[in-house]
Each structure stands twice: as C-alpha cells, then as structure tokens.
Amino acid sequence: MYKCTVCGFIYEGEEAPEHCPKCGAPREKFAQVSDDTKAKILRSRFSNDLHMELKSLLDSVLQIAEQGIEDNLDPGCVKVFTEAKDAAVLLGQMVKAELETHMKKEKWG
Ligand SMILES: [Fe+2]
C-alpha cells in the first residue's frame, strides 16, 4: 500500500504507480504505508462504509421530516416530524465528527 504525499491518494499494489491517478504526481512522491497504518486503514473501511450509509439514511429521514412539518396536518404529527428532524440533524453531525476523527487518525483509505 502506497500513499501519495502530494494529495493523500492511497494506492494498493506491489509497487507505487508511475503517476498518481488522482493528482498526477510522479512515483517518487509515493511513500510506502507502514504496516500499522495499513492495518488501521483496512480495519476502518467497514465502519466508515457503515457511517456513510447511516448518514445517507439520516438525510432521507431529514427530508421526510421536513415534508411532514410542512404538511402540518395536526400538532401531533408536527411534533413527531420535528423530533425526527432534530434527531437526524444531531446524529448526522455525530457521524461527520466521527469520520473526521478517522481521517485525522489515518483510519481511512
Ligand atoms: Fe496524488
């Protein structure tokens, strides 16, 4: 596993590519990823995918809740949709914070 020191692109292979597929930097700009970092990256992929799937579902909840609030059938409905919206916003922020933490700790790839 090799990392482009210019843009952070992770390349998996026996040796670094001739040029970075993302930014075009030459092979010399690639550094081999340490075993420790590689293990963190591999371990985190599944969890990161789950976080992103969860965020996508929370975005759907948010859209539904906003439609429900706008529909405004009665106070009971609006209460449910308002609470759903608040929860989706809060959890969405928590997911983003968690993913940001993973990226800083190189639990990403
Ligand atoms: Fe790059």
# chains A, B, ... in the order shown; residues from 1 in each chain; ligands from 1
$ residues_around --residues "region 23-29 of chain A" --least-positions-apart "5" --cutoff "7 Å" --atoms "only C-alpha atoms" --output "ChimeraX atom specification"
/A:4-7,16-18
$ write_last_selection --atoms "C-alpha atoms" --output "mmCIF file, in the first residue's frame"
data_model
loop_
_atom_site.group_PDB
_atom_site.id
_atom_site.type_symbol
_atom_site.label_atom_id
_atom_site.label_comp_id
_atom_site.auth_asym_id
_atom_site.auth_seq_id
_atom_site.Cartn_x
_atom_site.Cartn_y
_atom_site.Cartn_z
ATOM 1 C CA CYS A 4 0.707 9.934 -2.493
ATOM 2 C CA THR A 5 2.453 12.536 -0.341
ATOM 3 C CA VAL A 6 1.010 15.295 -2.531
ATOM 4 C CA CYS A 7 -2.719 14.519 -2.367
ATOM 5 C CA ALA A 16 3.708 2.598 -6.416
ATOM 6 C CA PRO A 17 2.120 3.625 -9.740
ATOM 7 C CA GLU A 18 4.117 5.598 -12.302
#
$ residues_around --residues "region 77-90 of chain A" --least-positions-apart "6" --cutoff "10 Å" --atoms "only C-alpha atoms" --output "list in words"
Lys55, Leu57, Leu58, Asp59, Ser60, Val61, Leu62, Gln63, Ile64, Ala65, Glu66, Gln67, Gly68, Ile69, Glu70 and Asp71 of chain A
$ closest_residue --among "A:Phe30, A:Gly76, A:Lys105, A:Val95" --to "Ser47 (chain A)" --atoms "only C-alpha atoms"
A:Val95
$ closest_residue --among "A:Met52, A:Met1, A:Cys20, A:Leu73" --to "ligand 1" --atoms "only C-alpha atoms and all ligand atoms"
A:Cys20
$ select_by_dssp --residues "region 4-51 of chain A" --states "strand (DSSP E)" --output "list in words"
Cys4, Ile10, Tyr11, Phe30, Ala31 and Gln32 of chain A
$ select_by_dssp --residues "region 3-92 of chain A" --states "helix (DSSP H, G or I)" --output "PyMOL selection string"
chain A and resi 27-29+35-71+75-92
$ closest_residue --among "A:Ile41, A:Met103, A:Ile10, A:Leu54" --to "ligand 1" --atoms "only C-alpha atoms and all ligand atoms"
A:Ile10
$ atom_distance --atom1 "CA of Leu91 (chain A)" --atom2 "CA of Ser44 (chain A)"
19.4 Å
$ atom_distance --atom1 "CA of Phe9 (chain A)" --atom2 "CA of Gln32 (chain A)"
11.8 Å
$ closest_residue --among "A:Arg45, A:His51, A:Lys104, A:His19" --to "ligand 1" --atoms "only C-alpha atoms and all ligand atoms"
A:His19
$ closest_residue --among "A:Trp108, A:Gly13, A:His102, A:Pro21" --to "ligand 1" --atoms "only C-alpha atoms and all ligand atoms"
A:Pro21
$ atom_distance --atom1 "CA of Phe46 (chain A)" --atom2 "CA of Leu99 (chain A)"
12.1 Å
$ closest_residue --among "A:Asp49, A:Glu14, A:Lys22, A:Asp74" --to "ligand 1" --atoms "only C-alpha atoms and all ligand atoms"
A:Lys22
$ decode --residues "region 5-19 of chain A" --atoms "N, CA and C atoms" --output "PDB file, in the first residue's frame"
ATOM      1  N   THR A   5       2.159  11.510  -1.349  1.00  0.00           N
ATOM      2  CA  THR A   5       2.453  12.536  -0.341  1.00  0.00           C
ATOM      3  C   THR A   5       1.965  13.911  -0.781  1.00  0.00           C
ATOM      4  N   VAL A   6       1.532  14.012  -2.041  1.00  0.00           N
ATOM      5  CA  VAL A   6       1.010  15.295  -2.531  1.00  0.00           C
ATOM      6  C   VAL A   6      -0.475  15.427  -2.196  1.00  0.00           C
ATOM      7  N   CYS A   7      -1.261  14.384  -2.523  1.00  0.00           N
ATOM      8  CA  CYS A   7      -2.719  14.519  -2.367  1.00  0.00           C
ATOM      9  C   CYS A   7      -3.334  13.520  -1.389  1.00  0.00           C
ATOM     10  N   GLY A   8      -2.562  12.544  -0.905  1.00  0.00           N
ATOM     11  CA  GLY A   8      -3.099  11.601   0.070  1.00  0.00           C
ATOM     12  C   GLY A   8      -3.759  10.372  -0.540  1.00  0.00           C
ATOM     13  N   PHE A   9      -3.753  10.279  -1.866  1.00  0.00           N
ATOM     14  CA  PHE A   9      -4.357   9.114  -2.523  1.00  0.00           C
ATOM     15  C   PHE A   9      -3.662   7.829  -2.071  1.00  0.00           C
ATOM     16  N   ILE A  10      -4.473   6.816  -1.735  1.00  0.00           N
ATOM     17  CA  ILE A  10      -3.933   5.519  -1.317  1.00  0.00           C
ATOM     18  C   ILE A  10      -3.972   4.567  -2.510  1.00  0.00           C
ATOM     19  N   TYR A  11      -2.821   3.997  -2.823  1.00  0.00           N
ATOM     20  CA  TYR A  11      -2.733   3.045  -3.933  1.00  0.00           C
ATOM     21  C   TYR A  11      -2.376   1.672  -3.378  1.00  0.00           C
ATOM     22  N   GLU A  12      -3.132   0.664  -3.822  1.00  0.00           N
ATOM     23  CA  GLU A  12      -2.838  -0.701  -3.378  1.00  0.00           C
ATOM     24  C   GLU A  12      -2.202  -1.475  -4.516  1.00  0.00           C
ATOM     25  N   GLY A  13      -0.991  -1.967  -4.298  1.00  0.00           N
ATOM     26  CA  GLY A  13      -0.290  -2.735  -5.315  1.00  0.00           C
ATOM     27  C   GLY A  13       1.101  -3.103  -4.839  1.00  0.00           C
ATOM     28  N   GLU A  14       1.787  -3.864  -5.678  1.00  0.00           N
ATOM     29  CA  GLU A  14       3.133  -4.327  -5.333  1.00  0.00           C
ATOM     30  C   GLU A  14       4.125  -3.165  -5.285  1.00  0.00           C
ATOM     31  N   GLU A  15       3.932  -2.217  -6.199  1.00  0.00           N
ATOM     32  CA  GLU A  15       4.777  -1.023  -6.169  1.00  0.00           C
ATOM     33  C   GLU A  15       3.940   0.199  -6.517  1.00  0.00           C
ATOM     34  N   ALA A  16       4.462   1.361  -6.173  1.00  0.00           N
ATOM     35  CA  ALA A  16       3.708   2.598  -6.416  1.00  0.00           C
ATOM     36  C   ALA A  16       3.483   2.782  -7.919  1.00  0.00           C
ATOM     37  N   PRO A  17       2.384   3.407  -8.300  1.00  0.00           N
ATOM     38  CA  PRO A  17       2.120   3.625  -9.740  1.00  0.00           C
ATOM     39  C   PRO A  17       3.077   4.663 -10.321  1.00  0.00           C
ATOM     40  N   GLU A  18       3.210   4.649 -11.639  1.00  0.00           N
ATOM     41  CA  GLU A  18       4.117   5.598 -12.302  1.00  0.00           C
ATOM     42  C   GLU A  18       3.704   7.046 -12.002  1.00  0.00           C
ATOM     43  N   HIS A  19       2.398   7.265 -12.059  1.00  0.00           N
ATOM     44  CA  HIS A  19       1.852   8.584 -11.711  1.00  0.00           C
ATOM     45  C   HIS A  19       0.633   8.406 -10.817  1.00  0.00           C
TER      46      HIS A  19
END
